[in-house]
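Have a look at the structure below, then the notes.
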Amino acid sequence: MTEPLRIDLTVRCSPVHAFEVWARRTALWWPSDHTVAGERPEAITFEPRAGGRIFERTGAGAEHDWGEVLAWEPPRRLVYLWHIRADRGDATEVEITFEAAGTRVRIEHRGWERLGAAAQERRDANRRGWGGVLPLYERACVELA
């Protein structure tokens with residue numbers, strides 16, 4: 001079994017705002033080099049329910065699926081399947097909790113074992129990806145307040 005990625009960070013805002021910035025204002029901070037189209041998306045949508053789609057929409061109207069919402073529990077918890085730029089069959093699972101006390105944001109990115117021989121390489125690539133995305137999220141939590 002490949003160990004889940006576990007990341008803790010503290011953002012300077014309420015859990016309500018932290019959840020909102022993550023799940024409803026994503027396009028304002030998500031880097032364009034981490035999209036399917038490779039450009040600034042017009043929208044990044046988390047449909048607010050279990051079973052909801054996660055997708056980017058380009059300025060030309062093209063939609064690219066990124067995942068599926070498994071649990072939508074604002075402002076405390078969000079769980080989703082994640083398969084941006086990959087086949088849905090190779091999706092991993094991301095669970096994010098937003099806890100008071102700062103706000104502590106806890107991320108667990110798991111499910112690598114379903115990728116077989118590619119598991120460790122994909123896990124390592126995602127660790128680097130989180131390292132590039134999370135500083136933008138932290139900044140957005142403050143700037144979008």
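Naming works like this for the structure tokens: A, B, ... for the chains as they're shown, residue 1 at the start of each chain, ligands 1 onward in shown order.
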
Excluding region 36-47 of chain A and its own-chain neighbours fewer than 2 positions away, which residues fall within 6 Å of it when counting only C-alpha atoms? Please give them as an NGL selection string. :A and (23 or 26-27 or 32-33 or 49 or 52-59 or 85)

Hey, which bits of region 22-125 of chain A sit within 7 Å of region 5-9 of chain A, and for each residue what's the closest pair of atoms and how far apart in Å (one decimal), counting only C-alpha atoms, rows by chain and increasing number, as a tab-separated table?
```
residue	atom	partner	partner_atom	distance
A:Arg104	CA	A:Leu9	CA	5.8
A:Val105	CA	A:Leu9	CA	5.4
A:Arg106	CA	A:Asp8	CA	4.6
A:Ile107	CA	A:Ile7	CA	5.1
A:Glu108	CA	A:Arg6	CA	4.7
A:His109	CA	A:Leu5	CA	5.0
A:Arg110	CA	A:Leu5	CA	6.5
```

Put those residues in a file: all heavy atoms, as an mmCIF file, in the first residue's frame.
```cif
data_model
loop_
_atom_site.group_PDB
_atom_site.id
_atom_site.type_symbol
_atom_site.label_atom_id
_atom_site.label_comp_id
_atom_site.auth_asym_id
_atom_site.auth_seq_id
_atom_site.Cartn_x
_atom_site.Cartn_y
_atom_site.Cartn_z
ATOM 1 N N ARG A 104 -7.048 25.568 10.561
ATOM 2 C CA ARG A 104 -6.190 24.475 10.114
ATOM 3 C C ARG A 104 -6.889 23.769 8.962
ATOM 4 O O ARG A 104 -8.043 23.379 9.065
ATOM 5 C CB ARG A 104 -5.925 23.479 11.233
ATOM 6 C CG ARG A 104 -5.183 22.249 10.704
ATOM 7 C CD ARG A 104 -4.791 21.315 11.776
ATOM 8 N NE ARG A 104 -3.550 21.826 12.332
ATOM 9 C CZ ARG A 104 -3.153 21.600 13.564
ATOM 10 N NH1 ARG A 104 -3.881 20.898 14.391
ATOM 11 N NH2 ARG A 104 -2.014 22.089 13.987
ATOM 12 N N VAL A 105 -6.167 23.645 7.862
ATOM 13 C CA VAL A 105 -6.651 22.926 6.686
ATOM 14 C C VAL A 105 -5.834 21.643 6.607
ATOM 15 O O VAL A 105 -4.613 21.691 6.544
ATOM 16 C CB VAL A 105 -6.474 23.766 5.402
ATOM 17 C CG1 VAL A 105 -6.919 22.989 4.177
ATOM 18 C CG2 VAL A 105 -7.223 25.085 5.514
ATOM 19 N N ARG A 106 -6.533 20.520 6.643
ATOM 20 C CA ARG A 106 -5.867 19.219 6.577
ATOM 21 C C ARG A 106 -6.266 18.546 5.277
ATOM 22 O O ARG A 106 -7.451 18.428 4.976
ATOM 23 C CB ARG A 106 -6.273 18.341 7.743
ATOM 24 C CG ARG A 106 -5.752 18.879 9.033
ATOM 25 C CD ARG A 106 -5.855 17.849 10.105
ATOM 26 N NE ARG A 106 -4.771 18.147 11.028
ATOM 27 C CZ ARG A 106 -4.654 17.614 12.207
ATOM 28 N NH1 ARG A 106 -5.514 16.719 12.605
ATOM 29 N NH2 ARG A 106 -3.650 17.942 12.974
ATOM 30 N N ILE A 107 -5.255 18.114 4.549
ATOM 31 C CA ILE A 107 -5.481 17.451 3.272
ATOM 32 C C ILE A 107 -4.929 16.038 3.364
ATOM 33 O O ILE A 107 -3.792 15.845 3.796
ATOM 34 C CB ILE A 107 -4.785 18.211 2.124
ATOM 35 C CG1 ILE A 107 -5.311 19.647 2.045
ATOM 36 C CG2 ILE A 107 -4.948 17.467 0.799
ATOM 37 C CD1 ILE A 107 -4.489 20.558 1.177
ATOM 38 N N GLU A 108 -5.735 15.079 2.958
ATOM 39 C CA GLU A 108 -5.248 13.711 2.793
ATOM 40 C C GLU A 108 -5.580 13.285 1.380
ATOM 41 O O GLU A 108 -6.744 13.256 0.977
ATOM 42 C CB GLU A 108 -5.881 12.749 3.799
ATOM 43 C CG GLU A 108 -5.301 11.352 3.651
ATOM 44 C CD GLU A 108 -5.704 10.406 4.741
ATOM 45 O OE1 GLU A 108 -5.455 10.718 5.933
ATOM 46 O OE2 GLU A 108 -6.268 9.347 4.395
ATOM 47 N N HIS A 109 -4.541 12.992 0.626
ATOM 48 C CA HIS A 109 -4.676 12.584 -0.773
ATOM 49 C C HIS A 109 -4.282 11.119 -0.828
ATOM 50 O O HIS A 109 -3.135 10.777 -0.593
ATOM 51 C CB HIS A 109 -3.766 13.449 -1.643
ATOM 52 C CG HIS A 109 -4.033 13.328 -3.099
ATOM 53 N ND1 HIS A 109 -3.576 14.267 -3.974
ATOM 54 C CD2 HIS A 109 -4.687 12.402 -3.843
ATOM 55 C CE1 HIS A 109 -3.935 13.927 -5.205
ATOM 56 N NE2 HIS A 109 -4.610 12.786 -5.140
ATOM 57 N N ARG A 110 -5.238 10.249 -1.117
ATOM 58 C CA ARG A 110 -5.028 8.808 -0.977
ATOM 59 C C ARG A 110 -5.564 8.047 -2.193
ATOM 60 O O ARG A 110 -6.095 8.643 -3.114
ATOM 61 C CB ARG A 110 -5.730 8.326 0.285
ATOM 62 C CG ARG A 110 -7.213 8.634 0.304
ATOM 63 C CD ARG A 110 -7.860 8.308 1.643
ATOM 64 N NE ARG A 110 -9.251 8.731 1.655
ATOM 65 C CZ ARG A 110 -9.746 9.647 2.472
ATOM 66 N NH1 ARG A 110 -8.976 10.239 3.362
ATOM 67 N NH2 ARG A 110 -11.016 9.965 2.419
#
```

What parts of region 3-88 of chain A does DSSP call helix (DSSP H, G or I)? I'd like the answer as a PyMOL selection string. chain A and resi 15-23+26-28+32-34+88

So, with only C-alpha atoms as the atoms that count, which of A:Met1, A:Ile96, A:Arg139, A:Leu28 lies closest to Arg123 (chain A)? A:Met1

DSSP on the backbone: what in chain A comes out strand (DSSP E or B), as a PDB file with N, CA and C atoms, in the first residue's frame?
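Heads up, here's the output in selection.pdb:
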```pdb
ATOM      1  N   LEU A   5      -0.697  11.014   0.981  1.00  0.00           N
ATOM      2  CA  LEU A   5      -0.062  12.310   1.228  1.00  0.00           C
ATOM      3  C   LEU A   5      -0.872  12.995   2.309  1.00  0.00           C
ATOM      4  N   ARG A   6      -0.222  13.520   3.320  1.00  0.00           N
ATOM      5  CA  ARG A   6      -0.902  14.268   4.376  1.00  0.00           C
ATOM      6  C   ARG A   6      -0.238  15.636   4.491  1.00  0.00           C
ATOM      7  N   ILE A   7      -1.048  16.656   4.378  1.00  0.00           N
ATOM      8  CA  ILE A   7      -0.550  18.027   4.393  1.00  0.00           C
ATOM      9  C   ILE A   7      -1.397  18.830   5.363  1.00  0.00           C
ATOM     10  N   ASP A   8      -0.761  19.549   6.264  1.00  0.00           N
ATOM     11  CA  ASP A   8      -1.446  20.461   7.183  1.00  0.00           C
ATOM     12  C   ASP A   8      -0.942  21.871   6.914  1.00  0.00           C
ATOM     13  N   LEU A   9      -1.846  22.821   6.870  1.00  0.00           N
ATOM     14  CA  LEU A   9      -1.459  24.216   6.785  1.00  0.00           C
ATOM     15  C   LEU A   9      -2.461  25.041   7.562  1.00  0.00           C
ATOM     16  N   THR A  10      -2.046  26.212   7.944  1.00  0.00           N
ATOM     17  CA  THR A  10      -2.926  27.126   8.663  1.00  0.00           C
ATOM     18  C   THR A  10      -3.103  28.376   7.827  1.00  0.00           C
ATOM     19  N   ALA A  43     -13.994  29.364 -15.421  1.00  0.00           N
ATOM     20  CA  ALA A  43     -14.598  28.881 -14.174  1.00  0.00           C
ATOM     21  C   ALA A  43     -14.007  27.527 -13.811  1.00  0.00           C
ATOM     22  N   ILE A  44     -13.907  27.290 -12.525  1.00  0.00           N
ATOM     23  CA  ILE A  44     -13.639  25.967 -11.983  1.00  0.00           C
ATOM     24  C   ILE A  44     -14.795  25.693 -11.040  1.00  0.00           C
ATOM     25  N   THR A  45     -15.529  24.629 -11.326  1.00  0.00           N
ATOM     26  CA  THR A  45     -16.770  24.366 -10.609  1.00  0.00           C
ATOM     27  C   THR A  45     -16.691  23.077  -9.812  1.00  0.00           C
ATOM     28  N   PHE A  46     -17.043  23.181  -8.542  1.00  0.00           N
ATOM     29  CA  PHE A  46     -17.324  22.032  -7.691  1.00  0.00           C
ATOM     30  C   PHE A  46     -18.838  22.046  -7.519  1.00  0.00           C
ATOM     31  N   ARG A  53     -20.050  17.139 -10.226  1.00  0.00           N
ATOM     32  CA  ARG A  53     -18.829  17.190 -11.045  1.00  0.00           C
ATOM     33  C   ARG A  53     -17.881  18.252 -10.523  1.00  0.00           C
ATOM     34  N   ILE A  54     -16.603  18.046 -10.806  1.00  0.00           N
ATOM     35  CA  ILE A  54     -15.575  19.071 -10.650  1.00  0.00           C
ATOM     36  C   ILE A  54     -15.000  19.242 -12.050  1.00  0.00           C
ATOM     37  N   PHE A  55     -15.041  20.478 -12.554  1.00  0.00           N
ATOM     38  CA  PHE A  55     -14.584  20.685 -13.930  1.00  0.00           C
ATOM     39  C   PHE A  55     -14.127  22.116 -14.133  1.00  0.00           C
ATOM     40  N   GLU A  56     -13.318  22.290 -15.179  1.00  0.00           N
ATOM     41  CA  GLU A  56     -12.914  23.628 -15.614  1.00  0.00           C
ATOM     42  C   GLU A  56     -13.705  23.966 -16.865  1.00  0.00           C
ATOM     43  N   ARG A  57     -13.981  25.251 -17.039  1.00  0.00           N
ATOM     44  CA  ARG A  57     -14.616  25.747 -18.262  1.00  0.00           C
ATOM     45  C   ARG A  57     -13.711  26.831 -18.834  1.00  0.00           C
ATOM     46  N   GLU A  63     -15.478  22.288 -21.615  1.00  0.00           N
ATOM     47  CA  GLU A  63     -15.441  21.798 -20.239  1.00  0.00           C
ATOM     48  C   GLU A  63     -14.545  20.572 -20.159  1.00  0.00           C
ATOM     49  N   HIS A  64     -13.740  20.519 -19.101  1.00  0.00           N
ATOM     50  CA  HIS A  64     -12.833  19.396 -18.867  1.00  0.00           C
ATOM     51  C   HIS A  64     -13.052  18.900 -17.441  1.00  0.00           C
ATOM     52  N   ASP A  65     -13.424  17.638 -17.316  1.00  0.00           N
ATOM     53  CA  ASP A  65     -13.667  17.054 -15.998  1.00  0.00           C
ATOM     54  C   ASP A  65     -12.366  16.872 -15.232  1.00  0.00           C
ATOM     55  N   TRP A  66     -12.444  17.173 -13.943  1.00  0.00           N
ATOM     56  CA  TRP A  66     -11.322  16.987 -13.025  1.00  0.00           C
ATOM     57  C   TRP A  66     -11.623  15.929 -11.978  1.00  0.00           C
ATOM     58  N   GLY A  67     -12.904  15.736 -11.650  1.00  0.00           N
ATOM     59  CA  GLY A  67     -13.217  14.797 -10.586  1.00  0.00           C
ATOM     60  C   GLY A  67     -14.697  14.779 -10.256  1.00  0.00           C
ATOM     61  N   GLU A  68     -14.989  14.179  -9.103  1.00  0.00           N
ATOM     62  CA  GLU A  68     -16.364  14.046  -8.631  1.00  0.00           C
ATOM     63  C   GLU A  68     -16.418  14.252  -7.125  1.00  0.00           C
ATOM     64  N   VAL A  69     -17.356  15.064  -6.680  1.00  0.00           N
ATOM     65  CA  VAL A  69     -17.553  15.318  -5.259  1.00  0.00           C
ATOM     66  C   VAL A  69     -18.134  14.065  -4.605  1.00  0.00           C
ATOM     67  N   LEU A  70     -17.497  13.607  -3.521  1.00  0.00           N
ATOM     68  CA  LEU A  70     -17.994  12.462  -2.761  1.00  0.00           C
ATOM     69  C   LEU A  70     -18.717  12.911  -1.497  1.00  0.00           C
ATOM     70  N   ALA A  71     -18.224  13.973  -0.869  1.00  0.00           N
ATOM     71  CA  ALA A  71     -18.863  14.518   0.339  1.00  0.00           C
ATOM     72  C   ALA A  71     -18.738  16.034   0.302  1.00  0.00           C
ATOM     73  N   TRP A  72     -19.845  16.711   0.517  1.00  0.00           N
ATOM     74  CA  TRP A  72     -19.913  18.177   0.521  1.00  0.00           C
ATOM     75  C   TRP A  72     -20.519  18.579   1.860  1.00  0.00           C
ATOM     76  N   GLU A  73     -19.660  19.010   2.796  1.00  0.00           N
ATOM     77  CA  GLU A  73     -20.102  19.329   4.153  1.00  0.00           C
ATOM     78  C   GLU A  73     -19.534  20.678   4.592  1.00  0.00           C
ATOM     79  N   ARG A  77     -15.869  19.962   5.773  1.00  0.00           N
ATOM     80  CA  ARG A  77     -15.232  18.839   5.084  1.00  0.00           C
ATOM     81  C   ARG A  77     -15.647  18.782   3.622  1.00  0.00           C
ATOM     82  N   LEU A  78     -14.675  18.392   2.782  1.00  0.00           N
ATOM     83  CA  LEU A  78     -14.893  18.190   1.358  1.00  0.00           C
ATOM     84  C   LEU A  78     -14.085  16.968   0.951  1.00  0.00           C
ATOM     85  N   VAL A  79     -14.733  16.017   0.272  1.00  0.00           N
ATOM     86  CA  VAL A  79     -14.048  14.815  -0.215  1.00  0.00           C
ATOM     87  C   VAL A  79     -14.386  14.669  -1.686  1.00  0.00           C
ATOM     88  N   TYR A  80     -13.352  14.348  -2.492  1.00  0.00           N
ATOM     89  CA  TYR A  80     -13.621  14.178  -3.916  1.00  0.00           C
ATOM     90  C   TYR A  80     -12.663  13.202  -4.570  1.00  0.00           C
ATOM     91  N   LEU A  81     -13.145  12.605  -5.677  1.00  0.00           N
ATOM     92  CA  LEU A  81     -12.279  11.842  -6.569  1.00  0.00           C
ATOM     93  C   LEU A  81     -11.559  12.853  -7.438  1.00  0.00           C
ATOM     94  N   TRP A  82     -10.286  12.597  -7.710  1.00  0.00           N
ATOM     95  CA  TRP A  82      -9.445  13.544  -8.426  1.00  0.00           C
ATOM     96  C   TRP A  82      -8.773  12.825  -9.585  1.00  0.00           C
ATOM     97  N   THR A  92      -7.689   9.341  -7.819  1.00  0.00           N
ATOM     98  CA  THR A  92      -7.321   9.221  -6.416  1.00  0.00           C
ATOM     99  C   THR A  92      -8.375   9.971  -5.611  1.00  0.00           C
ATOM    100  N   GLU A  93      -8.262   9.930  -4.311  1.00  0.00           N
ATOM    101  CA  GLU A  93      -9.262  10.561  -3.450  1.00  0.00           C
ATOM    102  C   GLU A  93      -8.592  11.629  -2.592  1.00  0.00           C
ATOM    103  N   VAL A  94      -9.226  12.790  -2.524  1.00  0.00           N
ATOM    104  CA  VAL A  94      -8.729  13.902  -1.716  1.00  0.00           C
ATOM    105  C   VAL A  94      -9.780  14.210  -0.655  1.00  0.00           C
ATOM    106  N   GLU A  95      -9.347  14.277   0.595  1.00  0.00           N
ATOM    107  CA  GLU A  95     -10.220  14.697   1.689  1.00  0.00           C
ATOM    108  C   GLU A  95      -9.597  15.923   2.330  1.00  0.00           C
ATOM    109  N   ILE A  96     -10.391  16.971   2.463  1.00  0.00           N
ATOM    110  CA  ILE A  96      -9.917  18.213   3.057  1.00  0.00           C
ATOM    111  C   ILE A  96     -10.847  18.557   4.209  1.00  0.00           C
ATOM    112  N   THR A  97     -10.257  18.827   5.362  1.00  0.00           N
ATOM    113  CA  THR A  97     -11.048  19.293   6.494  1.00  0.00           C
ATOM    114  C   THR A  97     -10.588  20.695   6.846  1.00  0.00           C
ATOM    115  N   PHE A  98     -11.531  21.484   7.318  1.00  0.00           N
ATOM    116  CA  PHE A  98     -11.297  22.881   7.682  1.00  0.00           C
ATOM    117  C   PHE A  98     -11.667  23.000   9.157  1.00  0.00           C
ATOM    118  N   GLU A  99     -10.666  23.141  10.007  1.00  0.00           N
ATOM    119  CA  GLU A  99     -10.875  23.143  11.450  1.00  0.00           C
ATOM    120  C   GLU A  99     -10.590  24.522  12.019  1.00  0.00           C
ATOM    121  N   ARG A 104      -7.048  25.568  10.561  1.00  0.00           N
ATOM    122  CA  ARG A 104      -6.190  24.475  10.114  1.00  0.00           C
ATOM    123  C   ARG A 104      -6.889  23.769   8.962  1.00  0.00           C
ATOM    124  N   VAL A 105      -6.167  23.645   7.862  1.00  0.00           N
ATOM    125  CA  VAL A 105      -6.651  22.926   6.686  1.00  0.00           C
ATOM    126  C   VAL A 105      -5.834  21.643   6.607  1.00  0.00           C
ATOM    127  N   ARG A 106      -6.533  20.520   6.643  1.00  0.00           N
ATOM    128  CA  ARG A 106      -5.867  19.219   6.577  1.00  0.00           C
ATOM    129  C   ARG A 106      -6.266  18.546   5.277  1.00  0.00           C
ATOM    130  N   ILE A 107      -5.255  18.114   4.549  1.00  0.00           N
ATOM    131  CA  ILE A 107      -5.481  17.451   3.272  1.00  0.00           C
ATOM    132  C   ILE A 107      -4.929  16.038   3.364  1.00  0.00           C
ATOM    133  N   GLU A 108      -5.735  15.079   2.958  1.00  0.00           N
ATOM    134  CA  GLU A 108      -5.248  13.711   2.793  1.00  0.00           C
ATOM    135  C   GLU A 108      -5.580  13.285   1.380  1.00  0.00           C
ATOM    136  N   HIS A 109      -4.541  12.992   0.626  1.00  0.00           N
ATOM    137  CA  HIS A 109      -4.676  12.584  -0.773  1.00  0.00           C
ATOM    138  C   HIS A 109      -4.282  11.119  -0.828  1.00  0.00           C
ATOM    139  N   ARG A 110      -5.238  10.249  -1.117  1.00  0.00           N
ATOM    140  CA  ARG A 110      -5.028   8.808  -0.977  1.00  0.00           C
ATOM    141  C   ARG A 110      -5.564   8.047  -2.193  1.00  0.00           C
TER     142      ARG A 110
END
```

Exercise: Val16 (chain A) partners within 10 Å, only C-alpha atoms, chain neighbours under 5 positions left out, as JSON, numbers by chain: {"A": [21, 74, 75, 76, 98, 99, 100, 103]}

One decimal place gives the CA of Val142 (chain A)-CA of Pro15 (chain A) separation as 12.4 Å

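Within the 10 Å cut-off around Gly116 (chain A), using only C-alpha atoms and omitting residues fewer than 4 positions from it on the same chain, the listed residues are Met1, Thr2, Asp90, Trp112 and Gln120 of chain A.
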
Can you measure CA of Gly132 (chain A) to CA of Ala50 (chain A) for me? One decimal in Å is fine.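 Answer for the CA of Gly132 (chain A) to CA of Ala50 (chain A) separation: 27.4 Å.
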
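What separates CA of Pro4 (chain A) from CA of Gly111 (chain A) is a distance of 7.2 Å.
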